[in-house]
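**Student:** One file is attached below, run.txt, containing compact mmCIF, C-alpha atoms.
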# COMPACT_ATOMS: atom_id res chain seq x y z
CA MET A 1163 157.98 157.41 73.99
CA LEU A 1164 155.35 158.55 76.43
CA SER A 1165 157.74 160.07 78.96
CA ASP A 1166 161.30 159.93 80.17
CA SER A 1167 160.15 158.52 83.50
CA GLU A 1168 162.27 156.04 85.39
CA VAL A 1169 160.17 152.87 85.71
CA ILE A 1170 160.66 150.45 88.59
CA VAL A 1171 158.92 147.05 88.68
CA PRO A 1172 159.52 145.71 92.21
CA LYS A 1173 159.11 142.01 93.05
CA ASN A 1174 157.52 142.44 96.47
CA ILE A 1175 155.39 144.91 98.40
CA ASP A 1176 158.14 145.88 100.85
CA GLU A 1177 160.28 147.02 97.96
CA ILE A 1178 157.43 149.20 96.69
CA LEU A 1179 156.89 150.73 100.13
CA GLU A 1180 160.63 151.39 100.33
CA VAL A 1181 160.65 153.21 96.97
CA ILE A 1182 157.57 155.35 97.69
CA SER A 1183 158.91 156.27 101.13
CA LYS A 1184 162.05 157.72 99.56
CA LYS A 1185 161.00 159.03 96.17
CA LYS A 1186 158.08 161.02 94.89
CA ALA A 1187 156.71 158.29 92.64
CA ALA A 1188 153.50 157.55 90.78
CA VAL A 1189 152.19 154.04 91.36
CA ILE A 1190 150.87 152.37 88.23
CA ALA A 1191 148.50 149.40 88.44
CA GLY A 1192 146.54 148.79 85.22
CA GLY A 1193 147.58 152.12 83.73
CA THR A 1194 144.17 152.70 82.15
CA ASP A 1195 143.86 156.07 83.90
CA LEU A 1196 147.45 157.16 84.52
CA LEU A 1197 148.75 156.62 80.97
CA VAL A 1198 145.70 158.35 79.47
CA ARG A 1199 146.26 161.31 81.78
CA ILE A 1200 149.95 161.54 80.85
CA LYS A 1201 149.17 161.19 77.15
CA SER A 1202 146.49 163.90 77.35
CA GLY A 1203 148.77 166.25 79.26
CA ILE A 1204 146.46 166.30 82.32
CA THR A 1205 149.15 164.77 84.54
CA PRO A 1206 152.76 165.80 83.94
CA PRO A 1207 155.00 162.77 83.31
CA PRO A 1208 156.14 161.53 86.74
CA LYS A 1209 159.91 161.33 87.36
CA VAL A 1210 159.48 157.84 88.78
CA ILE A 1211 156.78 155.28 88.03
CA VAL A 1212 156.46 152.19 90.26
CA ALA A 1213 154.58 149.31 88.62
CA LEU A 1214 152.64 146.68 90.60
CA ASP A 1215 152.79 144.09 87.80
CA LYS A 1216 154.99 141.56 89.62
CA ILE A 1217 153.06 141.48 92.89
CA SER A 1218 150.67 138.60 92.29
CA SER A 1219 149.49 138.58 95.92
CA LEU A 1220 147.73 141.90 95.27
CA HIS A 1221 145.38 140.11 92.84
CA LYS A 1222 144.06 137.70 95.43
CA ILE A 1223 140.37 137.62 96.30
CA ALA A 1224 139.72 135.56 99.45
CA LYS A 1225 137.36 135.02 102.36
CA LYS A 1226 138.59 135.41 105.92
CA GLY A 1227 135.96 134.76 108.58
CA ASN A 1228 132.95 136.86 107.61
CA ARG A 1229 134.99 139.26 105.48
CA VAL A 1230 135.93 139.22 101.83
CA ILE A 1231 139.37 140.62 101.09
CA ILE A 1232 140.00 141.91 97.59
CA GLY A 1233 143.61 142.60 96.60
CA ALA A 1234 143.94 146.15 95.28
CA SER A 1235 145.34 144.93 91.93
CA ALA A 1236 142.34 142.68 91.23
CA THR A 1237 141.23 143.61 87.72
CA TYR A 1238 137.60 144.18 86.77
CA ASN A 1239 137.85 140.94 84.84
CA GLU A 1240 139.08 139.05 87.90
CA ILE A 1241 136.28 140.58 89.99
CA LEU A 1242 133.55 139.64 87.58
CA HIS A 1243 134.83 136.07 87.33
CA SER A 1244 135.23 135.65 91.10
CA GLU A 1245 132.59 133.29 92.51
CA LEU A 1246 133.15 134.74 95.96
CA ILE A 1247 132.20 138.23 94.79
CA ARG A 1248 129.44 136.98 92.52
CA ASP A 1249 127.84 135.10 95.45
CA ASN A 1250 128.20 137.89 97.98
CA PHE A 1251 128.24 141.24 96.21
CA PRO A 1252 126.51 140.87 92.82
CA HIS A 1253 126.19 144.65 92.41
CA LEU A 1254 129.99 144.94 92.48
CA VAL A 1255 130.13 142.34 89.71
CA GLY A 1256 127.45 144.33 87.87
CA ALA A 1257 129.56 147.47 88.12
CA ALA A 1258 132.79 145.70 87.07
CA ALA A 1259 131.01 144.23 84.05
CA GLU A 1260 130.02 147.69 82.81
CA VAL A 1261 133.44 149.30 83.05
CA GLY A 1262 135.05 150.37 79.77
CA SER A 1263 135.60 147.49 77.38
CA PRO A 1264 137.09 143.97 77.47
CA GLN A 1265 140.52 145.58 77.00
CA ILE A 1266 140.03 148.00 79.89
CA ARG A 1267 138.57 145.25 82.13
CA SER A 1268 141.67 143.09 81.49
CA ARG A 1269 143.93 145.78 82.93
CA GLY A 1270 141.96 148.25 85.06
CA THR A 1271 142.00 147.47 88.77
CA ILE A 1272 139.60 148.06 91.66
CA GLY A 1273 142.39 149.75 93.63
CA GLY A 1274 143.13 152.09 90.74
CA ASN A 1275 139.44 152.97 90.48
CA ILE A 1276 139.35 153.89 94.18
CA VAL A 1277 142.62 155.84 94.30
CA ASN A 1278 141.73 157.70 91.11
CA ALA A 1279 138.68 158.92 93.10
CA SER A 1280 136.52 159.93 90.17
CA PRO A 1281 132.94 160.66 91.30
CA ALA A 1282 131.96 158.54 88.28
CA GLY A 1283 134.16 155.53 89.16
CA ASP A 1284 131.92 152.50 88.64
CA SER A 1285 133.14 150.29 91.48
CA ILE A 1286 132.84 153.07 94.07
CA PRO A 1287 129.04 153.28 94.70
CA PRO A 1288 128.75 149.52 95.40
CA LEU A 1289 131.74 149.78 97.78
CA TYR A 1290 130.03 152.70 99.58
CA THR A 1291 126.89 150.61 100.13
CA LEU A 1292 129.06 147.89 101.68
CA GLY A 1293 131.05 150.28 103.88
CA ALA A 1294 134.24 148.83 102.40
CA GLU A 1295 137.38 149.29 104.47
CA LEU A 1296 140.62 150.17 102.69
CA VAL A 1297 143.98 148.88 103.88
CA LEU A 1298 146.74 151.47 103.41
CA ARG A 1299 150.29 150.31 104.00
CA CYS A 1300 153.55 152.18 104.42
CA ILE A 1301 156.96 151.04 105.62
CA ASN A 1302 155.96 151.74 109.23
CA GLY A 1303 152.76 149.73 109.23
CA GLU A 1304 149.20 150.01 108.04
CA ARG A 1305 146.00 151.93 108.72
CA ARG A 1306 142.42 151.31 107.72
CA VAL A 1307 140.04 153.91 106.35
CA ARG A 1308 136.41 153.46 105.32
CA ILE A 1309 135.91 154.32 101.66
CA ASP A 1310 133.61 157.29 102.30
CA LYS A 1311 136.26 158.80 104.61
CA PHE A 1312 139.01 158.03 102.08
CA ILE A 1313 137.72 159.99 99.10
CA LYS A 1314 137.71 163.76 99.59
CA GLY A 1315 136.90 165.15 96.15
CA PRO A 1316 137.50 164.52 92.45
CA GLY A 1317 140.95 162.87 92.35
CA LYS A 1318 141.50 163.71 96.04
CA THR A 1319 141.99 161.11 98.74
CA VAL A 1320 143.63 160.87 102.15
CA LEU A 1321 146.28 158.51 100.73
CA ARG A 1322 149.73 159.78 101.71
CA LYS A 1323 152.65 159.82 99.28
CA ASN A 1324 154.35 156.97 101.13
CA GLU A 1325 151.25 154.76 101.29
CA LEU A 1326 149.99 152.00 99.04
CA LEU A 1327 146.38 150.79 98.93
CA THR A 1328 146.87 147.03 99.24
CA ALA A 1329 143.41 145.62 99.92
CA ILE A 1330 139.71 146.28 100.18
CA GLU A 1331 137.94 144.48 103.02
CA ILE A 1332 134.20 143.99 103.06
CA GLU A 1333 132.09 142.44 105.79
CA ILE A 1334 129.54 139.97 104.44
CA PRO A 1335 126.11 141.18 105.59
CA ARG A 1336 124.08 138.77 107.72
CA GLY A 1337 120.64 137.59 106.68
CA LYS A 1338 119.37 137.97 103.15
CA PRO A 1339 120.81 141.04 101.45
CA TYR A 1340 119.53 142.52 98.19
CA TYR A 1341 121.60 144.68 95.88
CA PHE A 1342 121.41 146.82 92.76
CA PHE A 1343 123.76 148.79 90.53
CA LYS A 1344 122.41 150.98 87.74
CA ARG A 1345 124.23 153.40 85.49
CA LEU A 1346 123.60 155.66 82.52
CA GLY A 1347 126.20 156.61 79.92
CA THR A 1348 126.17 157.86 76.34
CA ARG A 1349 126.84 154.30 75.19
CA ARG A 1350 127.11 150.99 77.01
CA ALA A 1351 130.86 150.60 76.47
CA LEU A 1352 133.71 153.04 77.03
CA ALA A 1353 131.54 155.89 78.26
CA VAL A 1354 132.13 157.36 81.68
CA ALA A 1355 128.89 157.25 83.71
CA LYS A 1356 126.64 160.33 83.61
CA VAL A 1357 124.84 159.06 86.69
CA SER A 1358 125.05 155.85 88.68
CA ALA A 1359 123.36 154.42 91.74
CA ALA A 1360 123.97 151.39 93.94
CA GLY A 1361 121.94 149.96 96.77
CA TYR A 1362 122.12 147.40 99.54
CA ILE A 1363 118.93 146.49 101.37
CA GLY A 1364 118.78 144.02 104.27
CA ILE A 1365 115.37 142.51 104.90
CA ASP A 1366 114.24 140.75 108.07
CA LYS A 1367 110.76 139.20 108.21
CA GLY A 1368 109.66 141.32 105.27
CA ILE A 1369 110.82 144.59 106.86
CA VAL A 1370 113.79 146.69 105.66
CA GLU A 1371 116.29 146.66 108.51
CA LYS A 1372 119.36 147.91 106.62
CA ALA A 1373 119.52 150.33 103.71
CA LYS A 1374 122.48 151.94 102.02
CA ILE A 1375 122.04 153.88 98.79
CA ALA A 1376 125.02 155.51 97.05
CA LEU A 1377 124.89 157.89 94.09
CA GLY A 1378 127.72 158.37 91.57
CA ALA A 1379 128.68 161.25 89.24
CA VAL A 1380 126.29 163.68 90.92
CA GLY A 1381 128.68 165.47 93.28
CA PRO A 1382 132.38 165.94 93.98
CA THR A 1383 132.42 162.45 95.50
CA VAL A 1384 130.04 159.52 95.52
CA VAL A 1385 127.35 160.38 98.11
CA TYR A 1386 124.92 158.45 100.27
CA SER A 1387 121.23 159.12 99.83
CA HIS A 1388 120.33 159.37 103.51
CA SER A 1389 116.76 160.50 102.80
CA VAL A 1390 116.04 157.30 100.90
CA GLU A 1391 117.63 155.24 103.66
CA LYS A 1392 115.33 156.97 106.21
CA ILE A 1393 112.22 156.28 104.13
CA LEU A 1394 113.08 152.61 103.67
CA LEU A 1395 114.11 151.64 107.21
CA GLY A 1396 111.41 149.85 109.17
CA LYS A 1397 109.07 149.59 106.19
CA LYS A 1398 107.95 146.85 103.87
CA LEU A 1399 109.24 147.57 100.35
CA CYS A 1400 106.31 148.35 98.01
CA GLU A 1401 105.58 150.52 95.00
CA GLY A 1402 104.52 153.50 97.11
CA ILE A 1403 107.72 153.45 99.14
CA ILE A 1404 109.74 153.12 95.94
CA SER A 1405 108.04 156.20 94.43
CA SER A 1406 108.73 158.31 97.53
CA SER A 1407 112.34 157.05 97.58
CA ALA A 1408 112.86 157.99 93.94
CA GLU A 1409 111.44 161.45 94.63
CA VAL A 1410 113.52 162.28 97.71
CA SER A 1411 116.75 160.85 96.26
CA LYS A 1412 116.89 163.78 93.85
CA ALA A 1413 117.47 166.19 96.75
CA ASP A 1414 120.42 164.17 98.04
CA CYS A 1415 122.76 165.01 95.19
CA ASN A 1416 124.58 168.07 93.94
CA PRO A 1417 125.23 167.52 90.24
CA ILE A 1418 126.95 169.89 87.83
CA ASP A 1419 126.76 170.65 84.11
CA ASP A 1420 129.78 169.23 82.31
CA ILE A 1421 130.90 167.73 79.04
CA ARG A 1422 129.02 164.48 79.70
CA SER A 1423 125.66 165.77 80.92
CA GLU A 1424 123.65 168.50 82.63
CA ALA A 1425 122.80 168.99 86.28
CA ASN A 1426 119.00 168.92 85.75
CA TYR A 1427 119.12 165.74 83.73
CA ARG A 1428 121.42 164.07 86.24
CA ARG A 1429 119.12 164.98 89.14
CA GLU A 1430 116.08 163.57 87.35
CA MET A 1431 117.97 160.43 86.41
CA VAL A 1432 119.02 159.80 90.02
CA GLY A 1433 115.31 159.35 90.74
CA VAL A 1434 114.93 157.04 87.75
CA LEU A 1435 117.90 154.86 88.70
CA VAL A 1436 116.78 154.61 92.36
CA ARG A 1437 113.31 153.61 91.16
CA ARG A 1438 114.73 150.99 88.75
CA GLY A 1439 117.09 149.61 91.37
CA LEU A 1440 114.50 149.29 94.13
CA THR A 1441 111.95 147.86 91.68
CA LYS A 1442 114.46 145.17 90.74
CA ILE A 1443 114.86 144.33 94.43
CA LEU A 1444 111.07 144.26 94.96
CA GLU A 1445 110.76 141.79 92.05
CA GLU A 1446 113.47 139.61 93.60
CA ILE A 1447 111.68 139.64 96.96
CA ASP A 1448 108.32 138.79 95.38
CA GLY A 1449 109.81 136.31 92.90
CA MET O 885 165.91 148.35 81.42
CA LYS O 886 166.16 144.82 80.09
CA ILE O 887 162.90 142.87 79.72
CA LYS O 888 162.30 139.24 78.80
CA PHE O 889 158.96 138.11 77.51
CA ILE O 890 157.34 135.69 75.08
CA LEU O 891 156.39 137.48 71.87
CA ASN O 892 154.35 135.48 69.37
CA GLY O 893 155.64 132.26 70.89
CA LYS O 894 159.30 133.29 70.88
CA LYS O 895 161.48 134.22 73.84
CA THR O 896 162.38 137.85 73.37
CA VAL O 897 164.91 139.96 75.26
CA VAL O 898 165.04 143.71 74.64
CA ASP O 899 166.39 146.79 76.29
CA VAL O 900 163.66 149.40 76.73
CA PRO O 901 163.61 152.93 78.13
CA GLY O 902 161.26 153.23 81.14
CA GLY O 903 158.65 155.47 79.55
CA MET O 904 158.26 153.39 76.37
CA ARG O 905 154.80 151.97 75.78
CA LEU O 906 154.25 148.43 74.56
CA ILE O 907 152.90 149.71 71.24
CA ASP O 908 156.07 151.75 70.66
CA LEU O 909 158.22 148.73 71.46
CA LEU O 910 156.27 146.60 68.98
CA ARG O 911 156.11 149.10 66.15
CA GLU O 912 159.29 151.08 66.43
CA LYS O 913 161.80 148.72 67.96
CA LEU O 914 160.59 145.32 66.75
CA ASN O 915 159.06 146.46 63.43
CA LEU O 916 155.78 144.68 64.11
CA THR O 917 153.63 147.31 62.45
CA GLY O 918 150.46 145.22 62.27
CA THR O 919 149.48 146.69 65.63
CA ARG O 920 148.10 150.18 65.00
CA GLU O 921 147.78 153.26 67.11
CA GLY O 922 144.45 155.07 66.71
CA CYS O 923 143.54 157.22 69.68
CA GLY O 924 146.37 156.38 72.08
CA LYS O 925 143.88 156.55 74.95
CA GLY O 926 142.28 153.12 75.12
CA GLU O 927 139.10 154.14 73.30
CA CYS O 928 139.50 152.66 69.81
CA GLY O 929 141.12 149.25 70.28
CA ALA O 930 143.26 149.48 67.13
CA CYS O 931 146.31 148.66 69.28
CA THR O 932 144.76 145.53 70.82
CA VAL O 933 147.15 142.66 71.53
CA LEU O 934 146.66 139.60 73.73
CA LEU O 935 148.49 139.64 77.07
CA ASP O 936 148.46 136.15 78.59
CA GLY O 937 145.51 135.48 76.28
CA LYS O 938 143.47 138.52 77.36
CA PRO O 939 142.84 141.52 75.09
CA VAL O 940 144.61 144.71 76.19
CA ASN O 941 145.30 148.12 74.70
CA SER O 942 149.03 148.17 73.98
CA CYS O 943 148.92 151.99 74.14
CA LEU O 944 148.05 151.79 77.84
CA ILE O 945 150.84 149.46 78.95
CA LEU O 946 154.47 150.32 79.48
CA ALA O 947 156.88 147.90 77.85
CA ALA O 948 158.49 147.41 81.28
CA GLN O 949 155.19 146.00 82.55
CA VAL O 950 155.21 142.99 80.20
CA ASP O 951 158.46 141.54 81.57
CA GLY O 952 157.84 137.82 82.10
CA ARG O 953 154.48 137.83 80.30
CA ASP O 954 153.16 136.40 77.02
CA ILE O 955 152.21 138.75 74.17
CA LEU O 956 150.44 137.78 70.96
CA THR O 957 150.19 140.29 68.11
CA ILE O 958 148.50 139.90 64.74
CA GLU O 959 151.84 138.76 63.27
CA GLY O 960 151.86 135.72 65.58
CA LEU O 961 148.37 134.48 64.82
CA GLN O 962 148.95 132.38 61.70
CA LYS O 963 150.50 128.95 62.00
CA GLY O 964 153.19 128.48 59.33
CA ASP O 965 151.54 129.32 56.03
CA SER O 966 147.96 128.91 57.17
CA LEU O 967 145.98 131.81 58.46
CA ASP O 968 144.08 131.56 61.72
CA PRO O 969 140.36 130.76 61.25
CA VAL O 970 139.52 134.24 62.56
CA GLN O 971 141.75 135.82 59.91
CA ARG O 972 140.15 133.66 57.19
CA ALA O 973 136.68 134.61 58.41
CA TYR O 974 137.44 138.36 58.19
CA ILE O 975 138.70 137.90 54.62
CA ASP O 976 135.88 135.58 53.49
CA THR O 977 133.12 137.83 54.82
CA ALA O 978 134.79 141.00 53.47
CA ALA O 979 134.77 142.50 56.96
CA VAL O 980 137.73 144.68 56.03
CA GLN O 981 137.58 148.05 54.31
CA CYS O 982 140.46 150.38 55.06
CA GLY O 983 141.96 147.76 57.37
CA PHE O 984 143.30 150.08 60.04
CA CYS O 985 141.15 148.59 62.80
CA THR O 986 141.29 145.00 61.57
CA SER O 987 144.24 143.65 63.57
CA GLY O 988 142.59 144.85 66.76
CA PHE O 989 139.20 143.39 65.80
CA ILE O 990 140.74 140.03 64.89
CA LEU O 991 142.53 139.76 68.23
CA ALA O 992 139.43 140.86 70.16
CA THR O 993 137.46 138.22 68.24
CA LYS O 994 140.12 135.60 68.94
CA SER O 995 139.91 136.20 72.67
CA LEU O 996 136.10 136.33 72.63
CA LEU O 997 135.87 132.95 70.87
CA ASN O 998 138.52 131.40 73.12
CA GLU O 999 136.34 132.21 76.10
CA ASN O 1000 132.98 131.71 74.46
CA PRO O 1001 133.05 129.54 71.29
CA ASP O 1002 129.36 130.10 70.58
CA PRO O 1003 128.52 133.72 71.42
CA LEU O 1004 125.02 135.19 71.20
CA ASP O 1005 124.60 138.51 69.33
CA GLU O 1006 124.61 140.42 72.61
CA GLU O 1007 127.81 138.65 73.66
CA ILE O 1008 129.48 139.49 70.35
CA LYS O 1009 128.54 143.14 70.90
CA ARG O 1010 130.12 143.10 74.34
CA GLY O 1011 133.16 141.21 73.06
CA ILE O 1012 134.04 143.76 70.40
CA ALA O 1013 132.78 146.84 72.28
CA GLY O 1014 136.36 147.99 72.83
CA ASN O 1015 137.08 148.28 69.10
CA LEU O 1016 135.94 151.01 66.74
CA CYS O 1017 135.55 150.69 62.98
CA ARG O 1018 134.72 153.78 60.96
CA CYS O 1019 134.19 152.01 57.61
CA THR O 1020 132.08 148.89 57.85
CA GLY O 1021 129.18 149.82 60.07
CA TYR O 1022 129.93 146.58 61.94
CA ALA O 1023 127.46 144.35 60.06
CA LYS O 1024 130.25 142.54 58.19
CA ILE O 1025 132.31 142.33 61.34
CA PHE O 1026 129.39 140.54 63.04
CA ASP O 1027 129.30 138.12 60.09
CA ALA O 1028 133.04 137.60 60.48
CA VAL O 1029 132.77 136.74 64.17
CA LYS O 1030 129.98 134.24 63.50
CA THR O 1031 131.83 132.75 60.53
CA ALA O 1032 135.01 132.47 62.62
CA ALA O 1033 133.04 130.58 65.28
CA GLU O 1034 131.88 128.15 62.55
CA TYR O 1035 135.40 127.72 61.12
CA ILE O 1036 136.79 126.96 64.57
CA LYS O 1037 134.06 124.36 65.19
CA GLU O 1038 134.78 122.72 61.82
CA GLU O 1039 138.48 122.50 62.69
CA ASN O 1040 137.88 120.80 66.02
Once you've parsed the file, please lay out its structure as structure tokens.
**Tutor:**
Amino acid sequence: MLSDSEVIVPKNIDEILEVISKKKAAVIAGGTDLLVRIKSGITPPPKVIVALDKISSLHKIAKKGNRVIIGASATYNEILHSELIRDNFPHLVGAAAEVGSPQIRSRGTIGGNIVNASPAGDSIPPLYTLGAELVLRCINGERRVRIDKFIKGPGKTVLRKNELLTAIEIEIPRGKPYYFFKRLGTRRALAVAKVSAAGYIGIDKGIVEKAKIALGAVGPTVVYSHSVEKILLGKKLCEGIISSSAEVSKADCNPIDDIRSEANYRREMVGVLVRRGLTKILEEIDG
Amino acid sequence: MKIKFILNGKKTVVDVPGGMRLIDLLREKLNLTGTREGCGKGECGACTVLLDGKPVNSCLILAAQVDGRDILTIEGLQKGDSLDPVQRAYIDTAAVQCGFCTSGFILATKSLLNENPDPLDEEIKRGIAGNLCRCTGYAKIFDAVKTAAEYIKEEN
């Protein structure tokens, strides 16, 4: 027995909203974070656990107008097999493919990754570059919060006790977008990222007209690299611009020493990952 | 709470306490001790079972969450008296030493080959990346996966 928690497995979303409006409950999606935390004694066993397992609508990935809507319970496996996401946001597929292991990808969900709010969460930097909007529902209605306004610190979000993250909505960029996701960990599988970086570059007539770069595991939350964005905007991507971008990106983060890595190494590696990511995009443009 | 699910092809109804994990249900209540608990944190894969055909860590699922689903454990893999080709491959290539991790590896291999009957080396690495073995050094396990792929092709 893991805990003496009462476990409720509601059949529809309204029932979940009802339960979390009345009781202090922990919502469990894939369980790949929550059950580890309970087992390790990091999180005390919740009195009530509400499971999302029977809400199949929360797994749906669909296009509506120029937006892609990802149900919060979509697993990493479902994301990396979704043609819609593959065609539109390949860096999100890249991130999902590098999470944990096949076992973790079968169960872990994108919503869980967001709500868990780890600065090292793999799906988060790509979602920052896309300005993903989160749909938070409670019994009285819903509100929408952009992901960078949602996450406040390690494990801290603006999600209220009575709210459920139900969907992630992403506008499909116009024109020809280019993306990257790069990460470093002790090993390829089952290692939390030491550093990660994601980018979205929009190019019009050879000139960078949109640039969003997000850095993971180098601060209390995922952060944007605004200095790199400034360097890139209005320019033609070339090796010189990439070198300057890699250099300035290192000043845009605030890493710490911890069990996984050291601040100095992380800062240096931010530069390396930004260089690798932008170089990949340059090759795609030239190729 | 009462849950109904398909376990190794059979309809199963059991009463489980809320905080019971799937692995505890399998091992302690249903006496299916082929599924092993290594780390209890989703790192080692010894507790791997297939949930609707997909590999999952049974230490990271509550029993209540499998209501209405399909679970396959190592005990459900053989058909009658004949072992599954993946089981035969692990035996024939001597990919087993202490055996603690083997059930998990076999089920991870089963799901890998269901999805990708002819995996490249890199794909095998990714397919079994969620399972740890502290005896073999993995070389024999690689042989087993490749041999299993051959056995399955021969059968079809």
**Student:** Given the choices O:Ile887, O:Ile1008, O:Ala1032, O:Ile945, which gets closest to chain A if the distance is worked out from only C-alpha atoms?
**Tutor:**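 Residue with the minimum atom-to-atom distance to chain A: O:Ile945.
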**Student:** Which of these residues is nearest to chain A, using only C-alpha atoms: O:Gln971, O:Ile1012, O:Asp976, O:Leu961?
**Tutor:**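 Using only C-alpha atoms, chain A sits closest to O:Ile1012.
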**Student:** Please build the interface table for chain O against chain A with a cut-off of 6 Å, listing for each qualifying residue the nearest atom pair and the distance in Å to one decimal; count only C-alpha atoms, order rows by chain and increasing number, and write it as a Markdown table.
**Tutor:**
| residue | atom | partner | partner_atom | distance |
| --- | --- | --- | --- | --- |
| O:Gly902 | CA | A:Val1169 | CA | 4.7 |
| O:Gly903 | CA | A:Ser1165 | CA | 4.7 |
| O:Met904 | CA | A:Met1163 | CA | 4.7 |
| O:Lys925 | CA | A:Val1198 | CA | 5.2 |
| O:Pro939 | CA | A:Gln1265 | CA | 5.1 |
| O:Val940 | CA | A:Gln1265 | CA | 4.3 |
| O:Asn941 | CA | A:Gln1265 | CA | 5.9 |
| O:Leu944 | CA | A:Leu1197 | CA | 5.8 |
| O:Ala1013 | CA | A:Ser1263 | CA | 5.9 |
| O:Gly1014 | CA | A:Ser1263 | CA | 4.6 |
**Student:** Around (166.0, 148.8, 82.6), as given in the file, which residues come within 7 Å? Count all atoms listed in the file and list them as a list in words.
**Tutor:**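 Residues lying no farther than 7 Å from the given point: Met885, Lys886, Asp899, Val900, Pro901 and Gly902 of chain O.
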**Student:** Could the residues in this selection be written to a file with C-alpha atoms, as a tab-separated table (two decimals), in the coordinates of the input?
**Tutor:**
chain	number	residue	atom	x	y	z
O	885	MET	CA	165.91	148.35	81.42
O	886	LYS	CA	166.16	144.82	80.09
O	899	ASP	CA	166.39	146.79	76.29
O	900	VAL	CA	163.66	149.40	76.73
O	901	PRO	CA	163.61	152.93	78.13
O	902	GLY	CA	161.26	153.23	81.14
**Student:** Skip range 984-1001 of chain O itself and residues of its chain fewer than 5 positions away, then list as a ChimeraX atom specification all residues within 7 Å of it, counting all atoms listed in the file.
**Tutor:** /O:918-920,929-934,937-939,958,970-971,1011-1012,1015-1017,1029,1033
